[in-house]
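*Asks:* What follows is upload-v6.cif; its format and atoms are mmCIF, C-alpha atoms.
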```
data_target
#
loop_
_atom_site.label_atom_id
_atom_site.label_comp_id
_atom_site.auth_asym_id
_atom_site.auth_seq_id
_atom_site.Cartn_x
_atom_site.Cartn_y
_atom_site.Cartn_z
CA MET A 1 46.22 126.38 46.39
CA THR A 2 48.18 129.22 47.91
CA LEU A 3 45.75 129.20 50.81
CA ALA A 4 46.38 125.49 51.36
CA ALA A 5 50.13 126.13 51.38
CA LEU A 6 49.56 128.93 53.88
CA PHE A 7 47.71 126.63 56.25
CA ALA A 8 50.36 123.96 55.82
CA VAL A 9 52.97 126.53 56.92
CA LEU A 10 50.79 127.46 59.89
CA VAL A 11 50.51 123.81 60.94
CA GLY A 12 54.28 123.56 60.65
CA MET A 13 54.59 126.62 62.90
CA CYS A 14 52.43 124.90 65.52
CA LEU A 15 54.57 121.75 65.38
CA LEU A 16 57.76 123.81 65.75
CA LEU A 17 56.19 125.62 68.66
CA VAL A 18 55.58 122.27 70.38
CA ARG A 19 59.23 121.39 69.88
CA ALA A 20 60.35 124.78 71.21
CA LEU A 21 58.19 124.34 74.30
CA LEU A 22 59.03 120.72 75.07
CA GLY A 23 62.56 120.56 73.71
CA PRO A 24 64.68 118.60 76.18
CA THR A 25 67.98 120.18 75.14
CA LEU A 26 68.87 123.75 74.33
CA TYR A 27 69.82 122.85 70.78
CA ASP A 28 66.29 121.64 70.11
CA ARG A 29 65.01 125.03 71.12
CA VAL A 30 67.57 126.89 68.99
CA LEU A 31 66.76 124.80 65.95
CA ALA A 32 63.02 125.18 66.52
CA VAL A 33 63.26 128.96 66.86
CA ASN A 34 65.47 129.27 63.79
CA SER A 35 63.05 127.18 61.74
CA PHE A 36 60.21 129.25 63.18
CA GLY A 37 61.82 132.37 61.72
CA THR A 38 62.07 130.68 58.34
CA LYS A 39 58.42 129.64 58.61
CA THR A 40 57.49 133.26 59.36
CA VAL A 41 59.26 134.39 56.21
CA LEU A 42 57.41 131.77 54.18
CA LEU A 43 54.12 132.80 55.81
CA LEU A 44 54.67 136.43 54.82
CA GLY A 45 55.56 135.50 51.26
CA LEU A 46 52.42 133.41 50.92
CA LEU A 47 50.28 136.01 52.66
CA GLY A 48 51.19 138.57 50.02
CA PHE A 49 49.87 136.34 47.27
CA VAL A 50 46.74 135.33 49.19
CA MET A 51 45.87 138.96 49.98
CA GLY A 52 46.60 139.99 46.40
CA ARG A 53 49.59 142.15 47.21
CA PRO A 54 52.86 140.44 46.27
CA ASP A 55 54.80 143.46 47.60
CA PHE A 56 55.03 141.55 50.87
CA LEU A 57 57.82 139.51 49.30
CA ASP A 58 60.29 142.36 49.94
CA ILE A 59 59.27 142.43 53.61
CA ALA A 60 59.78 138.67 53.81
CA ILE A 61 63.31 139.03 52.44
CA LEU A 62 64.09 141.67 55.07
CA TYR A 63 62.75 139.37 57.79
CA THR A 64 65.29 136.79 56.62
CA LEU A 65 68.11 139.27 57.24
CA ILE A 66 66.77 140.13 60.71
CA ASN A 67 66.39 136.44 61.60
CA PHE A 68 70.02 135.89 60.64
CA VAL A 69 71.21 138.41 63.25
CA SER A 70 69.58 136.64 66.17
CA THR A 71 70.76 133.23 64.95
CA ILE A 72 74.35 134.47 64.80
CA ALA A 73 73.97 135.92 68.31
CA VAL A 74 72.67 132.63 69.70
CA LEU A 75 75.39 130.57 68.06
CA LYS A 76 78.08 132.94 69.27
CA PHE A 77 76.62 132.69 72.76
CA PHE A 78 76.97 128.91 72.64
CA ARG A 79 80.41 128.91 71.09
CA TYR A 80 82.22 131.50 73.22
CA ARG A 81 79.90 132.30 76.17
CA SER A 82 80.69 135.93 75.33
CA PHE A 83 79.80 138.50 72.71
CA GLN A 84 83.16 140.22 72.84
CA VAL A 85 84.99 137.74 70.65
CA PRO A 86 85.31 138.84 67.03
CA LEU A 87 83.94 136.38 64.50
CA ALA A 88 87.00 136.76 62.26
CA ARG A 89 89.93 136.24 64.57
CA ARG A 90 93.36 137.53 63.74
CA GLY A 91 96.31 135.18 63.99
CA ASP A 92 97.26 135.92 67.59
CA GLY A 93 98.00 132.38 68.65
CA ILE A 94 94.86 131.66 70.64
CA SER A 95 93.59 128.36 69.43
CA ASN A 96 89.88 128.34 68.98
CA GLY A 97 89.57 124.64 68.32
CA GLY A 98 87.68 123.58 65.27
CA ASP A 99 87.10 126.91 63.59
CA ASN A 100 87.90 127.06 59.96
CA MET B 101 39.77 132.00 41.62
CA THR B 102 38.80 130.09 44.74
CA ASP B 103 41.54 131.95 46.60
CA ALA B 104 39.70 135.24 46.22
CA VAL B 105 36.44 133.61 47.36
CA LEU B 106 38.01 131.97 50.37
CA GLY B 107 40.04 135.07 51.20
CA GLY B 108 37.70 136.46 53.86
CA THR B 109 37.26 133.38 55.97
CA GLY B 110 40.83 132.31 55.31
CA THR B 111 42.21 135.60 56.61
CA ALA B 112 40.02 135.34 59.67
CA LEU B 113 41.26 131.81 60.33
CA ILE B 114 44.88 132.92 59.94
CA ASN B 115 44.24 135.75 62.39
CA ILE B 116 42.77 133.34 64.93
CA LEU B 117 45.64 130.87 64.51
CA LEU B 118 48.33 133.53 64.91
CA LEU B 119 46.65 134.97 68.00
CA ALA B 120 46.31 131.47 69.46
CA ILE B 121 50.05 130.90 68.93
CA LEU B 122 50.75 134.24 70.64
CA PHE B 123 48.57 133.21 73.60
CA VAL B 124 50.29 129.84 73.98
CA VAL B 125 53.75 131.40 73.79
CA ALA B 126 52.84 134.05 76.36
CA ILE B 127 51.53 131.45 78.81
CA ALA B 128 54.67 129.35 78.27
CA ILE B 129 56.94 132.37 78.90
CA ALA B 130 55.12 133.02 82.16
CA ARG B 131 55.36 129.37 83.25
CA LEU B 132 58.91 128.40 82.24
CA ARG B 133 61.90 128.72 84.56
CA SER B 134 64.77 128.20 82.12
CA LEU B 135 65.92 131.66 81.08
CA PHE B 136 67.34 130.54 77.77
CA ALA B 137 64.02 129.01 76.76
CA ILE B 138 62.31 132.25 77.75
CA VAL B 139 64.67 134.26 75.53
CA MET B 140 64.06 131.93 72.61
CA LEU B 141 60.29 132.03 73.11
CA SER B 142 60.31 135.82 73.29
CA GLY B 143 61.96 135.77 69.86
CA VAL B 144 59.14 133.53 68.65
CA TYR B 145 56.60 135.91 70.18
CA SER B 146 58.13 138.88 68.37
CA LEU B 147 58.20 137.05 65.04
CA VAL B 148 54.58 135.94 65.28
CA SER B 149 53.36 139.34 66.39
CA ALA B 150 55.33 140.98 63.56
CA ALA B 151 53.69 138.63 61.06
CA TRP B 152 50.32 139.47 62.56
CA TYR B 153 50.99 143.22 62.24
CA ILE B 154 51.77 142.66 58.56
CA LEU B 155 48.52 140.74 58.24
CA VAL B 156 46.51 143.69 59.55
CA ASP B 157 48.42 146.02 57.16
CA ALA B 158 50.48 147.82 59.82
CA VAL B 159 53.69 147.29 57.88
CA ASP B 160 55.77 149.86 59.76
CA VAL B 161 54.88 148.41 63.17
CA GLY B 162 55.68 144.94 61.85
CA PHE B 163 59.10 146.09 60.70
CA THR B 164 59.88 147.70 64.02
CA GLU B 165 58.73 144.66 65.95
CA ALA B 166 60.82 142.30 63.82
CA ALA B 167 63.97 144.44 63.97
CA VAL B 168 63.79 145.34 67.67
CA GLY B 169 61.98 142.33 69.09
CA ALA B 170 63.30 139.41 67.08
CA GLY B 171 66.68 140.81 66.06
CA MET B 172 68.15 143.13 68.67
CA SER B 173 66.27 142.11 71.81
CA THR B 174 67.32 138.47 71.50
CA ALA B 175 70.97 139.51 71.33
CA VAL B 176 70.59 141.95 74.25
CA LEU B 177 68.78 139.40 76.41
CA LEU B 178 71.45 136.78 75.69
CA GLY B 179 74.10 139.31 76.69
CA ALA B 180 72.21 139.88 79.95
CA MET B 181 72.07 136.12 80.50
CA LEU B 182 75.86 136.04 80.47
CA LEU B 183 75.81 138.11 83.65
CA THR B 184 73.22 136.16 85.62
CA ALA B 185 72.11 132.63 86.46
CA ARG B 186 70.59 130.29 83.93
CA THR B 187 67.31 129.59 85.68
CA ALA B 188 64.89 131.66 87.69
CA LYS B 189 64.14 130.70 91.27
CA PRO B 190 60.63 129.38 91.88
CA GLU B 191 58.38 131.78 93.70
CA LYS B 192 56.61 131.12 96.96
CA PRO B 193 52.82 131.02 96.50
CA PHE B 194 51.88 134.24 98.29
CA SER B 195 55.10 136.23 98.06
CA ARG B 196 53.72 138.58 95.39
CA LEU B 197 50.45 139.48 97.09
CA GLY B 198 51.28 143.19 97.46
CA PRO B 199 52.23 143.79 93.78
CA PHE B 200 49.16 141.80 92.73
CA ILE B 201 46.92 144.09 94.74
CA VAL B 202 48.62 147.16 93.21
CA CYS B 203 48.15 145.73 89.69
CA LEU B 204 44.51 144.99 90.40
CA ALA B 205 43.89 148.50 91.76
CA VAL B 206 45.57 150.16 88.76
CA GLY B 207 43.61 147.95 86.38
CA VAL B 208 40.31 148.83 88.02
CA MET B 209 41.19 152.53 87.87
CA LEU B 210 42.12 152.30 84.17
CA ILE B 211 38.87 150.50 83.36
CA TYR B 212 36.99 153.19 85.29
CA ALA B 213 38.82 155.84 83.23
CA THR B 214 37.78 154.26 79.92
CA ILE B 215 34.14 155.06 80.72
CA ASP B 216 34.82 158.68 79.77
CA LEU B 217 36.35 157.76 76.41
CA PRO B 218 34.19 157.97 73.27
CA ALA B 219 32.85 154.64 72.03
CA LEU B 220 34.73 152.62 69.42
CA GLY B 221 33.92 153.92 65.96
CA ASP B 222 31.93 156.89 67.26
CA PRO B 223 31.64 159.23 64.24
CA THR B 224 31.37 162.36 66.41
CA SER B 225 34.50 161.68 68.48
CA PRO B 226 37.37 164.16 67.99
CA ALA B 227 39.59 161.52 66.39
CA ASN B 228 37.04 160.74 63.68
CA ALA B 229 35.81 164.26 63.00
CA GLY B 230 37.81 167.09 61.41
CA VAL B 231 41.30 166.21 60.17
CA GLY B 232 40.91 162.50 60.88
CA LEU B 233 37.83 162.34 58.66
CA THR B 234 39.73 164.08 55.86
CA PHE B 235 42.58 161.59 56.07
CA LEU B 236 40.14 158.67 56.12
CA GLN B 237 38.55 160.00 52.94
CA VAL B 238 41.62 160.90 50.89
CA ASN B 239 43.97 158.19 52.18
CA TRP B 240 43.07 155.43 49.74
CA TYR B 241 43.26 157.69 46.68
CA ASP B 242 46.55 159.22 47.80
CA THR B 243 48.54 156.21 48.89
CA GLY B 244 46.62 152.96 48.37
CA VAL B 245 47.60 151.72 51.82
CA PRO B 246 44.61 150.29 53.72
CA ASN B 247 45.97 151.13 57.19
CA VAL B 248 45.61 154.87 57.76
CA VAL B 249 48.17 155.01 60.55
CA THR B 250 50.78 153.38 58.34
CA SER B 251 50.02 155.68 55.44
CA VAL B 252 50.28 158.78 57.65
CA LEU B 253 53.55 157.61 59.19
CA ALA B 254 55.27 156.35 56.06
CA SER B 255 53.73 158.47 53.31
CA TYR B 256 52.38 161.80 54.56
CA ARG B 257 55.10 162.08 57.20
CA GLY B 258 57.70 160.18 55.20
CA PHE B 259 60.50 162.73 55.48
CA ASP B 260 59.86 163.13 59.20
CA THR B 261 60.18 159.38 59.70
CA LEU B 262 63.34 159.33 57.60
CA GLY B 263 64.84 162.09 59.77
CA GLU B 264 63.95 160.21 62.95
CA THR B 265 65.60 157.09 61.58
CA ALA B 266 68.74 159.05 60.75
CA VAL B 267 68.85 160.51 64.28
CA VAL B 268 68.44 157.11 65.95
CA PHE B 269 71.03 155.55 63.66
CA THR B 270 73.53 158.34 64.39
CA ALA B 271 72.99 157.98 68.15
CA GLY B 272 73.52 154.23 67.99
CA LEU B 273 76.61 154.67 65.87
CA ALA B 274 78.08 157.17 68.36
CA VAL B 275 77.47 154.79 71.27
CA ALA B 276 79.03 151.94 69.33
CA LEU B 277 82.08 154.05 68.45
CA LEU B 278 82.53 155.10 72.08
CA LEU B 279 82.17 151.61 73.55
CA GLY B 280 83.83 149.73 70.72
CA PHE B 281 83.39 146.20 69.44
CA GLY B 282 85.17 142.92 69.89
CA GLU B 283 88.59 142.69 71.47
CA ARG B 284 89.03 146.46 71.56
CA SER B 285 85.82 147.13 73.42
CA LEU B 286 85.64 149.02 76.68
CA ALA B 287 84.17 146.07 78.57
CA GLU B 288 86.96 143.79 77.38
CA THR B 289 89.60 146.31 78.44
CA LEU B 290 88.02 146.56 81.87
CA ARG B 291 87.73 142.84 82.30
CA ARG B 292 91.33 142.00 81.34
CA SER B 293 90.57 138.45 80.36
CA PRO B 294 91.80 137.95 76.81
CA GLN B 295 91.37 134.17 76.94
CA PRO B 296 87.77 133.33 76.15
CA GLU B 297 86.39 130.01 77.21
CA THR B 298 86.55 128.13 73.96
CA ARG B 299 85.62 124.62 74.91
CA PRO B 300 82.15 123.58 73.83
CA PRO B 301 79.42 123.46 76.47
CA SER B 302 79.33 120.04 78.02
CA VAL B 303 75.74 119.24 78.89
CA PRO B 304 73.34 121.91 77.57
CA ARG B 305 70.29 120.39 79.22
CA ASP B 306 67.80 122.52 81.04
CA GLY B 307 65.92 120.10 83.18
CA ASP B 308 62.72 121.92 84.03
CA ALA B 309 61.41 122.11 80.51
CA THR B 310 57.99 120.74 81.23
#
```
Take the structure from the file and write it as structure tokens.

*Replies:*
Amino acid sequence: MTLAALFAVLVGMCLLLVRALLGPTLYDRVLAVNSFGTKTVLLLGLLGFVMGRPDFLDIAILYTLINFVSTIAVLKFFRYRSFQVPLARRGDGISNGGDN
Amino acid sequence: MTDAVLGGTGTALINILLLAILFVVAIAIARLRSLFAIVMLSGVYSLVSAAWYILVDAVDVGFTEAAVGAGMSTAVLLGAMLLTARTAKPEKPFSRLGPFIVCLAVGVMLIYATIDLPALGDPTSPANAGVGLTFLQVNWYDTGVPNVVTSVLASYRGFDTLGETAVVFTAGLAVALLLGFGERSLAETLRRSPQPETRPPSVPRDGDAT
């Protein structure tokens, strides 16, 4: 059963890879890569149970944190075209349209 | 427990699938011209290879690959993309003939050099005799980690690895403190452009996707 779930995740990774390769817009690629990271985390979690070592679950959780960093970097790249803008802006009068 | 019965062939199939994904991604990175797609696909490559390292029990290598390849390198490559064009120029067919010949010559020399190496799994080679043999024998009873390289790095040499990590972290922290972050950073002071471009990107389409 766990093995079947593992192969289902692998098939999902292949489908996401197709979307990341063919994606007509950049946002398709970003979404595909972000989902690919999530699929990797799921793959590691399932791998631990298939190989009889559930310790891999901790590694999967750490992969989630690492994946978050690159997603934030990509989104900041799209939003500001620069990495030198702080995420939490002080009230200095520059309108940054649509941020909450 | 059908899972335990199917474990051998299942693991082999997962290995083959992950390596096939790596192959496809590598070919796509070599063929694409849109730099953003290449950066995204290199993140995918790092994630898949990190998962594959975990699968072959090299947990430390998997961690390093995920942190450096998928986390930091994506951010660094995006920062480099801010300074350059968005697409690579197509190459002329025979413009890289000289580097290709150099690569070929180096490859042939390296293959010629491997003739002198001991064969794979040779029990009398220096790596497998002496200390290496001792570690191979006592490793499983000491640590329970199947991969001997991982057990040596993270268990026998655990304090050494911890010290290395502390040194690298301190160096990175010093660089970050010197250069600064955000609106107080050195680059921002040099650039003198406090108004970032805040309108959303209009048409984020990279045409040469196929």

*Asks:* Could you check which of A:Arg19, A:Arg53, A:Lys39, A:Arg79 is closest to chain B, using only C-alpha atoms?

*Replies:*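 Once distances to chain B are computed over only C-alpha atoms, the minimum belongs to A:Arg79.
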
*Asks:* Near A:Gly48, within 10 Å and counting all atoms listed in the file, which residues show up once chain neighbours fewer than 4 positions away are dropped, as a list in words?

*Replies:* Leu43, Leu44, Gly52, Arg53, Pro54, Asp55, Phe56, Leu57, Asp58, Ile59 and Ala60 of chain A; Ile154 and Leu155 of chain B

*Asks:* Written as a PyMOL selection string, what is the full residue list that the PyMOL selection byres ((chain A) within 9 of (chain B)) yields on the file shown?

*Replies:* chain A and resi 1-3+6-7+10+13-14+17+20-27+29-30+33+36-37+40-41+43-44+47-48+50-52+56+59+62-63+66-74+77-87+94-97

*Asks:* Please list as number ranges by chain every residue within 9 Å of B:Leu135, counting all atoms listed in the file and excluding residues in the same chain fewer than 4 positions away.

*Replies:* B: 139-140, 181, 185-188

*Asks:* Rounded to one decimal, what separation in Å do you get between atom CA of B:Tyr256 and atom CA of B:Val238?

*Replies:*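 We find that atom CA of B:Tyr256 and atom CA of B:Val238 lie 11.4 Å from each other.
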
*Asks:* One decimal, in Å: what's the spacing between atom CA of A:Asp28 and atom CA of B:Ser149?

*Replies:* 22.2 Å

*Asks:* Could you please determine the separation between atom CA of B:Val245 and atom CA of B:Ala229 in Å, to one decimal place?

*Replies:*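 Between atom CA of B:Val245 and atom CA of B:Ala229 the gap works out to 20.5 Å.
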
*Asks:* Give the answer as one residue: which of A:Lys76, A:Leu65, A:Thr38, A:Phe49 has the shortest atom-to-atom distance to A:Val9, using all atoms listed in the file?

*Replies:* A:Thr38

*Asks:* Can you complete the atoms of stretch 232-263 of chain B to N, CA and C atoms and list them as an mmCIF file, keeping the file's coordinate frame?

*Replies:*
```
data_model
loop_
_atom_site.group_PDB
_atom_site.id
_atom_site.type_symbol
_atom_site.label_atom_id
_atom_site.label_comp_id
_atom_site.auth_asym_id
_atom_site.auth_seq_id
_atom_site.Cartn_x
_atom_site.Cartn_y
_atom_site.Cartn_z
ATOM 1 N N GLY B 232 40.931 163.957 61.009
ATOM 2 C CA GLY B 232 40.910 162.500 60.880
ATOM 3 C C GLY B 232 39.974 162.043 59.791
ATOM 4 N N LEU B 233 38.805 162.697 59.703
ATOM 5 C CA LEU B 233 37.830 162.340 58.660
ATOM 6 C C LEU B 233 38.411 162.623 57.272
ATOM 7 N N THR B 234 39.115 163.748 57.151
ATOM 8 C CA THR B 234 39.730 164.080 55.860
ATOM 9 C C THR B 234 40.742 163.012 55.443
ATOM 10 N N PHE B 235 41.580 162.604 56.410
ATOM 11 C CA PHE B 235 42.580 161.590 56.070
ATOM 12 C C PHE B 235 41.913 160.270 55.706
ATOM 13 N N LEU B 236 40.834 159.923 56.435
ATOM 14 C CA LEU B 236 40.140 158.670 56.120
ATOM 15 C C LEU B 236 39.558 158.720 54.711
ATOM 16 N N GLN B 237 39.164 159.919 54.261
ATOM 17 C CA GLN B 237 38.550 160.000 52.940
ATOM 18 C C GLN B 237 39.574 160.020 51.821
ATOM 19 N N VAL B 238 40.687 160.746 52.013
ATOM 20 C CA VAL B 238 41.620 160.900 50.890
ATOM 21 C C VAL B 238 42.725 159.859 50.915
ATOM 22 N N ASN B 239 42.813 159.067 52.003
ATOM 23 C CA ASN B 239 43.970 158.190 52.180
ATOM 24 C C ASN B 239 44.086 157.189 51.044
ATOM 25 N N TRP B 240 42.991 156.511 50.711
ATOM 26 C CA TRP B 240 43.070 155.430 49.740
ATOM 27 C C TRP B 240 43.451 155.958 48.360
ATOM 28 N N TYR B 241 42.945 157.156 48.006
ATOM 29 C CA TYR B 241 43.260 157.690 46.680
ATOM 30 C C TYR B 241 44.677 158.241 46.638
ATOM 31 N N ASP B 242 45.184 158.679 47.778
ATOM 32 C CA ASP B 242 46.550 159.220 47.800
ATOM 33 C C ASP B 242 47.594 158.126 47.786
ATOM 34 N N THR B 243 47.444 157.143 48.675
ATOM 35 C CA THR B 243 48.540 156.210 48.890
ATOM 36 C C THR B 243 48.212 154.776 48.505
ATOM 37 N N GLY B 244 46.941 154.350 48.643
ATOM 38 C CA GLY B 244 46.620 152.960 48.370
ATOM 39 C C GLY B 244 46.984 152.017 49.495
ATOM 40 N N VAL B 245 47.298 152.564 50.669
ATOM 41 C CA VAL B 245 47.600 151.720 51.820
ATOM 42 C C VAL B 245 46.331 151.615 52.668
ATOM 43 N N PRO B 246 45.875 150.405 52.987
ATOM 44 C CA PRO B 246 44.610 150.290 53.720
ATOM 45 C C PRO B 246 44.698 150.832 55.139
ATOM 46 N N ASN B 247 45.852 150.689 55.804
ATOM 47 C CA ASN B 247 45.970 151.130 57.190
ATOM 48 C C ASN B 247 46.319 152.611 57.226
ATOM 49 N N VAL B 248 45.430 153.418 57.815
ATOM 50 C CA VAL B 248 45.610 154.870 57.760
ATOM 51 C C VAL B 248 46.815 155.304 58.581
ATOM 52 N N VAL B 249 47.034 154.635 59.717
ATOM 53 C CA VAL B 249 48.170 155.010 60.550
ATOM 54 C C VAL B 249 49.482 154.787 59.801
ATOM 55 N N THR B 250 49.575 153.657 59.112
ATOM 56 C CA THR B 250 50.780 153.380 58.340
ATOM 57 C C THR B 250 50.968 154.388 57.220
ATOM 58 N N SER B 251 49.872 154.745 56.553
ATOM 59 C CA SER B 251 50.020 155.680 55.440
ATOM 60 C C SER B 251 50.424 157.059 55.937
ATOM 61 N N VAL B 252 49.886 157.468 57.104
ATOM 62 C CA VAL B 252 50.280 158.780 57.650
ATOM 63 C C VAL B 252 51.751 158.753 58.048
ATOM 64 N N LEU B 253 52.177 157.674 58.686
ATOM 65 C CA LEU B 253 53.550 157.610 59.190
ATOM 66 C C LEU B 253 54.550 157.495 58.049
ATOM 67 N N ALA B 254 54.258 156.665 57.064
ATOM 68 C CA ALA B 254 55.270 156.350 56.060
ATOM 69 C C ALA B 254 55.106 157.139 54.779
ATOM 70 N N SER B 255 53.917 157.745 54.559
ATOM 71 C CA SER B 255 53.730 158.470 53.310
ATOM 72 C C SER B 255 53.583 159.970 53.532
ATOM 73 N N TYR B 256 52.577 160.365 54.336
ATOM 74 C CA TYR B 256 52.380 161.800 54.560
ATOM 75 C C TYR B 256 53.537 162.386 55.369
ATOM 76 N N ARG B 257 54.000 161.608 56.358
ATOM 77 C CA ARG B 257 55.100 162.080 57.200
ATOM 78 C C ARG B 257 56.386 161.347 56.863
ATOM 79 N N GLY B 258 56.576 161.019 55.588
ATOM 80 C CA GLY B 258 57.700 160.180 55.200
ATOM 81 C C GLY B 258 59.049 160.791 55.521
ATOM 82 N N PHE B 259 59.208 162.087 55.232
ATOM 83 C CA PHE B 259 60.500 162.730 55.480
ATOM 84 C C PHE B 259 60.774 162.835 56.974
ATOM 85 N N ASP B 260 59.700 163.065 57.747
ATOM 86 C CA ASP B 260 59.860 163.130 59.200
ATOM 87 C C ASP B 260 60.362 161.801 59.736
ATOM 88 N N THR B 261 59.751 160.708 59.258
ATOM 89 C CA THR B 261 60.180 159.380 59.700
ATOM 90 C C THR B 261 61.617 159.096 59.279
ATOM 91 N N LEU B 262 61.964 159.536 58.071
ATOM 92 C CA LEU B 262 63.340 159.330 57.600
ATOM 93 C C LEU B 262 64.334 160.079 58.483
ATOM 94 N N GLY B 263 63.958 161.331 58.884
ATOM 95 C CA GLY B 263 64.840 162.090 59.770
ATOM 96 C C GLY B 263 64.997 161.425 61.127
#
```
